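> Let me give you the structure first, and then I'll get to my questions.
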Amino acid sequence: MHTPQDPSAERGSGWALTVLTLCAFTLGTGEIMIAGLLPEIADDAGVSLSTAGLLVSSFALTVVIGGPVLALTTGRARRRRLLIALMLTYVLGNVISAVAPSFWLLATGRIVAALAHSALMPLFFGIAADVVPPDKRGMAVARVSLGFSLAMIAGLPIGTALGQWLSWHATFWAIAALTLAATVPVAALAPDTPGISEAEDQGRLRELRVLGDRRVQVVTGITALAAASFTAYTYVTPLLTDTVGFGESTVTVLLLLFGIGGTVGNLIGGRLTDRSVLGAIALSVAALAVSLLLLGASTGVKVVAVAFLFLFGAAYYAVIPAVNTRLLNVDSRQARTLALTVQSSAFNLGTALGGWLGGRVIAEGAGLRWLPVVGSLVALAALLLAVGEVRGERRGTAAREPAVHSVPTPSAPAPVAGEQASRSTH
């Protein structure tokens, strides 16, 4: 029987998730706001736009490589101290970028910030999972992931506007200040517990065995493919202007609509995840493949294209709580952290590959309308993995069920009258 959660505990977990959402918003804004500042940075630093774009790829690659390394090397650190150190490192990275007199020092600041980013998000998801009952993990992860949706809706345009109004330096200062302000409340949420013991630390490389877990391999593969399908968003502005026919001023509103769709999808994905984790993964990835395919097919009809752009945002962000909750079910806490870190690496690697794939499609002379179609094919590959995992889980469940009807039960002697009466009272 389910026992209702104490109201004070619900309020406490609600406050905790709000703080974690704010932290995710800060990290998400710090990661993506560079996209709106690249022209100003390129002009100020005297580099080409493509060189300035290295700030994006260097951030992603640092997360891919740095996350697993930190997960393996910080196992013995006390959780609260580790969280504070990483938050302050993220502040330092943004301060370096804010005061950078040269492009390469700016790139150094981005790498420092990315290193902290790679280890912080797994910690945030882990705290969120620990402050709610197990059957609420999906919604808790969705609440934290909501910070990324809000970063796209509000963080990116605000950061871009601040950079255009004052300078791109001001945007980095703002991220540093917001991170510093969030450090105190989020540190209070982190348990002041030690990491793994010395004996566990000596054998911590054994945690790499989690990477051999089929569940981890499949879900990280799904994550990477889903992220690669995001190639359509990388070039969404020219797609909407040159192919669909919208004006540049309208594109800002449409991107806001995409972000709203992401927020809605994130919350729906969280609720679906609490019902069935694998079902939520398969359904959201299927919706992602369909929405991208229909977006590519409807570029000649503005209203229809806008509808599928909204669905694209909803489906994409519905995937996030489902895949992260799947990894939160890994037994060992330290292995869980490593698995979540590898998940973050898979996401960033998929994003980088998706951008490369989109560039290749354009370089080969295909029209922009084919970008969503190609993204749909990548999402379809993710769907095949998800469906295979669902079927495998069902087969495993069926195999574990006792074959009650197939195994004959030996007959037992009839109980005596007194024994029969005794059993009837229980």
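Just remember, in the structure tokens the first chain shown is A, the second B, etc., residues are 1-based per chain, and ligands are 1-based in the order shown.
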Any idea what's packed within 9 Å of Val285 (chain A), counting only C-alpha atoms, ignoring anything in its chain fewer than 4 positions away? Could you give it as a list in words?

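Surrounding residues, per the criterion: Ile222, Ala226, Ala280, Ile281, Ala289, Val290, Ala315, Tyr316, Ala318, Val319, Ala379, Leu380, Ala382, Leu383 and Ala386 of chain A.
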
> Give me a file of those residues, with N, CA, C and O atoms, as a PDB file, in the first residue's frame.


```
ATOM      1  N   ILE A 222      20.958   5.300 -27.775  1.00  0.00           N
ATOM      2  CA  ILE A 222      19.723   6.025 -28.101  1.00  0.00           C
ATOM      3  C   ILE A 222      19.919   7.517 -27.902  1.00  0.00           C
ATOM      4  O   ILE A 222      19.499   8.339 -28.728  1.00  0.00           O
ATOM      5  N   ALA A 226      19.566  10.280 -30.785  1.00  0.00           N
ATOM      6  CA  ALA A 226      18.548  11.321 -30.632  1.00  0.00           C
ATOM      7  C   ALA A 226      19.181  12.701 -30.704  1.00  0.00           C
ATOM      8  O   ALA A 226      18.634  13.629 -31.321  1.00  0.00           O
ATOM      9  N   ALA A 280       8.285   5.151 -22.351  1.00  0.00           N
ATOM     10  CA  ALA A 280       8.460   6.577 -22.598  1.00  0.00           C
ATOM     11  C   ALA A 280       9.586   6.834 -23.593  1.00  0.00           C
ATOM     12  O   ALA A 280       9.487   7.717 -24.458  1.00  0.00           O
ATOM     13  N   ILE A 281      10.675   6.060 -23.490  1.00  0.00           N
ATOM     14  CA  ILE A 281      11.787   6.217 -24.429  1.00  0.00           C
ATOM     15  C   ILE A 281      11.319   5.913 -25.849  1.00  0.00           C
ATOM     16  O   ILE A 281      11.546   6.695 -26.789  1.00  0.00           O
ATOM     17  N   ALA A 289      11.051  11.007 -34.567  1.00  0.00           N
ATOM     18  CA  ALA A 289      11.251  10.597 -35.960  1.00  0.00           C
ATOM     19  C   ALA A 289      10.111  11.080 -36.851  1.00  0.00           C
ATOM     20  O   ALA A 289      10.335  11.614 -37.949  1.00  0.00           O
ATOM     21  N   VAL A 290       8.874  10.936 -36.370  1.00  0.00           N
ATOM     22  CA  VAL A 290       7.716  11.342 -37.165  1.00  0.00           C
ATOM     23  C   VAL A 290       7.675  12.859 -37.354  1.00  0.00           C
ATOM     24  O   VAL A 290       7.423  13.357 -38.461  1.00  0.00           O
ATOM     25  N   ALA A 315       8.907  16.519 -28.716  1.00  0.00           N
ATOM     26  CA  ALA A 315       9.405  15.139 -28.761  1.00  0.00           C
ATOM     27  C   ALA A 315      10.867  15.067 -28.334  1.00  0.00           C
ATOM     28  O   ALA A 315      11.273  14.160 -27.590  1.00  0.00           O
ATOM     29  N   TYR A 316      11.665  16.012 -28.781  1.00  0.00           N
ATOM     30  CA  TYR A 316      13.094  15.987 -28.468  1.00  0.00           C
ATOM     31  C   TYR A 316      13.330  16.085 -26.964  1.00  0.00           C
ATOM     32  O   TYR A 316      14.115  15.319 -26.393  1.00  0.00           O
ATOM     33  N   ALA A 318      11.166  15.428 -24.610  1.00  0.00           N
ATOM     34  CA  ALA A 318      10.534  14.328 -23.877  1.00  0.00           C
ATOM     35  C   ALA A 318      11.484  13.149 -23.722  1.00  0.00           C
ATOM     36  O   ALA A 318      11.340  12.332 -22.808  1.00  0.00           O
ATOM     37  N   VAL A 319      12.475  13.047 -24.614  1.00  0.00           N
ATOM     38  CA  VAL A 319      13.443  11.950 -24.549  1.00  0.00           C
ATOM     39  C   VAL A 319      14.325  12.066 -23.308  1.00  0.00           C
ATOM     40  O   VAL A 319      14.680  11.058 -22.681  1.00  0.00           O
ATOM     41  N   ALA A 379      16.852   9.413 -36.066  1.00  0.00           N
ATOM     42  CA  ALA A 379      15.938   9.109 -34.960  1.00  0.00           C
ATOM     43  C   ALA A 379      15.309   7.729 -35.128  1.00  0.00           C
ATOM     44  O   ALA A 379      15.042   7.034 -34.140  1.00  0.00           O
ATOM     45  N   LEU A 380      15.091   7.322 -36.371  1.00  0.00           N
ATOM     46  CA  LEU A 380      14.538   5.989 -36.627  1.00  0.00           C
ATOM     47  C   LEU A 380      15.502   4.901 -36.152  1.00  0.00           C
ATOM     48  O   LEU A 380      15.078   3.867 -35.614  1.00  0.00           O
ATOM     49  N   ALA A 382      17.509   5.250 -33.659  1.00  0.00           N
ATOM     50  CA  ALA A 382      17.341   5.247 -32.204  1.00  0.00           C
ATOM     51  C   ALA A 382      16.081   4.481 -31.804  1.00  0.00           C
ATOM     52  O   ALA A 382      16.063   3.769 -30.790  1.00  0.00           O
ATOM     53  N   LEU A 383      15.028   4.626 -32.599  1.00  0.00           N
ATOM     54  CA  LEU A 383      13.774   3.920 -32.318  1.00  0.00           C
ATOM     55  C   LEU A 383      13.960   2.409 -32.397  1.00  0.00           C
ATOM     56  O   LEU A 383      13.404   1.660 -31.586  1.00  0.00           O
ATOM     57  N   ALA A 386      15.434   1.314 -29.254  1.00  0.00           N
ATOM     58  CA  ALA A 386      14.470   1.381 -28.159  1.00  0.00           C
ATOM     59  C   ALA A 386      13.481   0.222 -28.210  1.00  0.00           C
ATOM     60  O   ALA A 386      13.178  -0.405 -27.188  1.00  0.00           O
TER      61      ALA A 386
END
```

> Using only C-alpha atoms, determine which residues lie at most 12 Å from Gly388 (chain A), disregarding the query and same-chain residues fewer than 5 positions distant; provide the list as a PyMOL selection string.

chain A and resi 214-215+218-219+222+278-279+281-282+381-383+393-395

> Please dump the current selection as a PDB file, in the first residue's frame; keep N, CA and C atoms.


```pdb
ATOM      1  N   ARG A 214      24.415  -3.947 -20.700  1.00  0.00           N
ATOM      2  CA  ARG A 214      23.649  -3.746 -21.942  1.00  0.00           C
ATOM      3  C   ARG A 214      22.690  -2.577 -21.835  1.00  0.00           C
ATOM      4  N   ARG A 215      22.074  -2.389 -20.655  1.00  0.00           N
ATOM      5  CA  ARG A 215      21.133  -1.270 -20.484  1.00  0.00           C
ATOM      6  C   ARG A 215      21.827   0.068 -20.714  1.00  0.00           C
ATOM      7  N   VAL A 218      22.791   0.498 -24.511  1.00  0.00           N
ATOM      8  CA  VAL A 218      21.648   0.787 -25.385  1.00  0.00           C
ATOM      9  C   VAL A 218      21.140   2.202 -25.168  1.00  0.00           C
ATOM     10  N   VAL A 219      20.988   2.609 -23.905  1.00  0.00           N
ATOM     11  CA  VAL A 219      20.392   3.914 -23.654  1.00  0.00           C
ATOM     12  C   VAL A 219      21.341   5.047 -24.049  1.00  0.00           C
ATOM     13  N   ILE A 222      20.958   5.300 -27.775  1.00  0.00           N
ATOM     14  CA  ILE A 222      19.723   6.025 -28.101  1.00  0.00           C
ATOM     15  C   ILE A 222      19.919   7.517 -27.902  1.00  0.00           C
ATOM     16  N   LEU A 278      10.916   2.488 -20.272  1.00  0.00           N
ATOM     17  CA  LEU A 278      11.211   2.060 -21.638  1.00  0.00           C
ATOM     18  C   LEU A 278      10.093   2.471 -22.602  1.00  0.00           C
ATOM     19  N   GLY A 279       8.850   2.417 -22.135  1.00  0.00           N
ATOM     20  CA  GLY A 279       7.741   2.862 -22.979  1.00  0.00           C
ATOM     21  C   GLY A 279       7.860   4.331 -23.329  1.00  0.00           C
ATOM     22  N   ILE A 281      10.675   6.060 -23.490  1.00  0.00           N
ATOM     23  CA  ILE A 281      11.787   6.217 -24.429  1.00  0.00           C
ATOM     24  C   ILE A 281      11.319   5.913 -25.849  1.00  0.00           C
ATOM     25  N   ALA A 282      10.652   4.768 -26.017  1.00  0.00           N
ATOM     26  CA  ALA A 282      10.210   4.364 -27.355  1.00  0.00           C
ATOM     27  C   ALA A 282       9.205   5.341 -27.934  1.00  0.00           C
ATOM     28  N   ALA A 381      16.797   5.142 -36.336  1.00  0.00           N
ATOM     29  CA  ALA A 381      17.789   4.187 -35.833  1.00  0.00           C
ATOM     30  C   ALA A 381      17.714   4.095 -34.307  1.00  0.00           C
ATOM     31  N   ALA A 382      17.509   5.250 -33.659  1.00  0.00           N
ATOM     32  CA  ALA A 382      17.341   5.247 -32.204  1.00  0.00           C
ATOM     33  C   ALA A 382      16.081   4.481 -31.804  1.00  0.00           C
ATOM     34  N   LEU A 383      15.028   4.626 -32.599  1.00  0.00           N
ATOM     35  CA  LEU A 383      13.774   3.920 -32.318  1.00  0.00           C
ATOM     36  C   LEU A 383      13.960   2.409 -32.397  1.00  0.00           C
ATOM     37  N   GLU A 393      13.422  -6.610 -22.666  1.00  0.00           N
ATOM     38  CA  GLU A 393      12.975  -6.515 -21.276  1.00  0.00           C
ATOM     39  C   GLU A 393      11.759  -7.409 -21.033  1.00  0.00           C
ATOM     40  N   ARG A 394      10.853  -7.431 -21.994  1.00  0.00           N
ATOM     41  CA  ARG A 394       9.664  -8.275 -21.848  1.00  0.00           C
ATOM     42  C   ARG A 394      10.030  -9.753 -21.833  1.00  0.00           C
ATOM     43  N   ARG A 395      10.964 -10.129 -22.689  1.00  0.00           N
ATOM     44  CA  ARG A 395      11.397 -11.533 -22.703  1.00  0.00           C
ATOM     45  C   ARG A 395      12.065 -11.901 -21.379  1.00  0.00           C
TER      46      ARG A 395
END
```

> Which one of A:Pro191, A:Ile34, A:Glu364, A:Phe103 sits closest to Leu123 (chain A) if you count only C-alpha atoms?

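Using only C-alpha atoms, the shortest distance to Leu123 (chain A) belongs to A:Pro191.
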
> Taking the DSSP assignment computed from this structure's backbone, write out as an MDAnalysis selection string all residues of region 167-360 of chain A that belong to alpha helix (DSSP H).

chainID A and resid 168:189 198:202 214:228 231:234 236:238 248:275 277:297 302:328 333:360

> Residues of the last selection are to be written out with C-alpha atoms, as a compact mmCIF listing (two decimals), in the first residue's frame.


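As a result, out-v1.txt now contains:
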```
# COMPACT_ATOMS: atom_id res chain seq x y z
CA TRP A 168 29.68 39.69 -24.95
CA HIS A 169 31.89 40.07 -21.86
CA ALA A 170 28.80 41.10 -19.87
CA THR A 171 27.02 37.85 -20.66
CA PHE A 172 29.86 35.80 -19.22
CA TRP A 173 29.89 38.00 -16.10
CA ALA A 174 26.15 37.42 -15.71
CA ILE A 175 26.54 33.63 -15.91
CA ALA A 176 29.36 33.72 -13.35
CA ALA A 177 27.25 35.82 -10.96
CA LEU A 178 24.18 33.61 -11.33
CA THR A 179 26.26 30.46 -10.75
CA LEU A 180 27.81 31.98 -7.63
CA ALA A 181 24.36 32.89 -6.29
CA ALA A 182 23.10 29.34 -6.84
CA THR A 183 26.09 27.72 -5.14
CA VAL A 184 24.92 28.25 -1.56
CA PRO A 185 21.40 26.79 -1.86
CA VAL A 186 22.46 23.83 -4.01
CA ALA A 187 25.35 23.04 -1.65
CA ALA A 188 22.82 22.84 1.20
CA LEU A 189 20.96 20.14 -0.75
CA GLU A 198 39.72 3.55 0.24
CA ALA A 199 39.15 -0.09 -0.60
CA GLU A 200 36.50 0.86 -3.12
CA ASP A 201 38.77 3.59 -4.48
CA GLN A 202 41.56 1.09 -5.10
CA ARG A 214 23.65 -3.75 -21.94
CA ARG A 215 21.13 -1.27 -20.48
CA VAL A 216 23.78 1.44 -20.31
CA GLN A 217 25.10 0.71 -23.80
CA VAL A 218 21.65 0.79 -25.39
CA VAL A 219 20.39 3.91 -23.65
CA THR A 220 23.58 5.87 -24.36
CA GLY A 221 23.31 4.78 -27.99
CA ILE A 222 19.72 6.03 -28.10
CA THR A 223 20.82 9.30 -26.52
CA ALA A 224 23.62 9.85 -29.03
CA LEU A 225 21.34 9.13 -32.00
CA ALA A 226 18.55 11.32 -30.63
CA ALA A 227 21.04 14.15 -30.13
CA ALA A 228 22.41 13.65 -33.65
CA THR A 231 21.03 18.53 -36.72
CA ALA A 232 17.77 20.01 -38.02
CA TYR A 233 17.81 22.62 -35.24
CA THR A 234 21.43 23.56 -35.90
CA VAL A 236 16.77 25.84 -38.30
CA THR A 237 17.12 29.58 -39.02
CA PRO A 238 18.07 29.23 -42.71
CA GLU A 248 14.01 36.94 -39.88
CA SER A 249 11.92 38.78 -37.29
CA THR A 250 9.39 35.94 -37.27
CA VAL A 251 12.08 33.33 -36.73
CA THR A 252 12.69 34.63 -33.19
CA VAL A 253 9.05 33.97 -32.32
CA LEU A 254 9.22 30.52 -33.91
CA LEU A 255 12.30 29.59 -31.90
CA LEU A 256 10.44 30.68 -28.79
CA LEU A 257 7.60 28.38 -29.87
CA PHE A 258 10.09 25.54 -30.26
CA GLY A 259 11.31 26.16 -26.73
CA ILE A 260 7.75 26.16 -25.39
CA GLY A 261 7.19 22.86 -27.15
CA GLY A 262 10.32 21.55 -25.45
CA THR A 263 8.99 22.60 -22.03
CA VAL A 264 5.66 20.87 -22.65
CA GLY A 265 7.36 17.75 -23.98
CA ASN A 266 9.74 17.63 -21.02
CA LEU A 267 6.87 17.57 -18.53
CA ILE A 268 4.89 15.03 -20.54
CA GLY A 269 7.99 12.88 -20.88
CA GLY A 270 8.44 12.94 -17.11
CA ARG A 271 4.89 11.72 -16.48
CA LEU A 272 5.21 8.99 -19.10
CA THR A 273 8.51 7.92 -17.56
CA ASP A 274 6.91 7.43 -14.15
CA ARG A 275 4.49 5.00 -15.81
CA VAL A 277 10.61 4.14 -18.53
CA LEU A 278 11.21 2.06 -21.64
CA GLY A 279 7.74 2.86 -22.98
CA ALA A 280 8.46 6.58 -22.60
CA ILE A 281 11.79 6.22 -24.43
CA ALA A 282 10.21 4.36 -27.36
CA LEU A 283 7.21 6.69 -27.62
CA SER A 284 9.22 9.93 -27.45
CA VAL A 285 11.82 8.72 -29.97
CA ALA A 286 9.02 7.61 -32.32
CA ALA A 287 7.41 11.05 -32.03
CA LEU A 288 10.81 12.62 -32.76
CA ALA A 289 11.25 10.60 -35.96
CA VAL A 290 7.72 11.34 -37.17
CA SER A 291 7.84 15.07 -36.38
CA LEU A 292 11.15 15.52 -38.24
CA LEU A 293 9.93 13.61 -41.26
CA LEU A 294 6.72 15.65 -41.44
CA LEU A 295 8.62 18.90 -40.87
CA GLY A 296 10.76 18.16 -43.91
CA ALA A 297 7.70 17.22 -45.96
CA LYS A 302 3.92 27.57 -43.30
CA VAL A 303 1.20 26.78 -40.76
CA VAL A 304 1.79 23.04 -40.99
CA ALA A 305 5.56 23.47 -40.75
CA VAL A 306 5.13 25.54 -37.57
CA ALA A 307 2.98 22.81 -36.02
CA PHE A 308 5.61 20.16 -36.69
CA LEU A 309 8.37 22.47 -35.43
CA PHE A 310 6.47 22.63 -32.11
CA LEU A 311 6.08 18.83 -32.09
CA PHE A 312 9.78 18.46 -32.88
CA GLY A 313 10.66 20.49 -29.77
CA ALA A 314 8.20 18.56 -27.60
CA ALA A 315 9.41 15.14 -28.76
CA TYR A 316 13.09 15.99 -28.47
CA TYR A 317 12.85 17.18 -24.87
CA ALA A 318 10.53 14.33 -23.88
CA VAL A 319 13.44 11.95 -24.55
CA ILE A 320 15.69 13.52 -21.88
CA PRO A 321 13.91 12.53 -18.62
CA ALA A 322 13.24 9.04 -19.96
CA VAL A 323 16.84 8.17 -20.86
CA ASN A 324 18.27 9.73 -17.69
CA THR A 325 15.80 7.91 -15.45
CA ARG A 326 16.77 4.64 -17.14
CA LEU A 327 20.37 5.20 -16.03
CA LEU A 328 19.34 6.27 -12.52
CA ARG A 333 25.65 4.79 -6.74
CA GLN A 334 29.17 5.40 -8.00
CA ALA A 335 28.45 3.39 -11.15
CA ARG A 336 25.27 5.38 -11.54
CA THR A 337 27.29 8.61 -11.52
CA LEU A 338 29.67 7.24 -14.12
CA ALA A 339 26.77 6.04 -16.27
CA LEU A 340 25.09 9.46 -16.12
CA THR A 341 28.39 11.12 -17.02
CA VAL A 342 28.83 8.86 -20.02
CA GLN A 343 25.24 9.72 -20.92
CA SER A 344 26.13 13.42 -20.95
CA SER A 345 29.15 12.62 -23.11
CA ALA A 346 26.94 10.66 -25.51
CA PHE A 347 24.57 13.61 -25.79
CA ASN A 348 27.36 16.06 -26.61
CA LEU A 349 29.01 13.62 -29.00
CA GLY A 350 25.69 13.15 -30.79
CA THR A 351 25.22 16.91 -31.03
CA ALA A 352 28.67 17.31 -32.56
CA LEU A 353 28.08 14.45 -35.02
CA GLY A 354 24.68 15.86 -35.92
CA GLY A 355 26.18 19.23 -36.77
CA TRP A 356 28.82 17.53 -38.91
CA LEU A 357 26.18 15.41 -40.65
CA GLY A 358 24.07 18.46 -41.42
CA GLY A 359 27.09 20.23 -42.85
CA ARG A 360 27.85 17.27 -45.08
```

> What is the CA of Leu20 (chain A)-CA of Ala114 (chain A) distance in Å, reported with one decimal?

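For CA of Leu20 (chain A) relative to CA of Ala114 (chain A), the distance reads 18.1 Å.
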
> Which residue gives the smallest distance to Phe124 (chain A) among A:Arg110, A:Arg391, A:Arg79, A:Lys136, with only C-alpha atoms counted?

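Nearest candidate to Phe124 (chain A) out of A:Arg110, A:Arg391, A:Arg79, A:Lys136: A:Arg79.
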
> Residues at most 12 Å from Thr160 (chain A), counting only C-alpha atoms, excluding those fewer than 5 positions away in the same chain, as an MDAnalysis selection string?

chainID A and resid 29:30 32:41 151:155 165:172 174 252
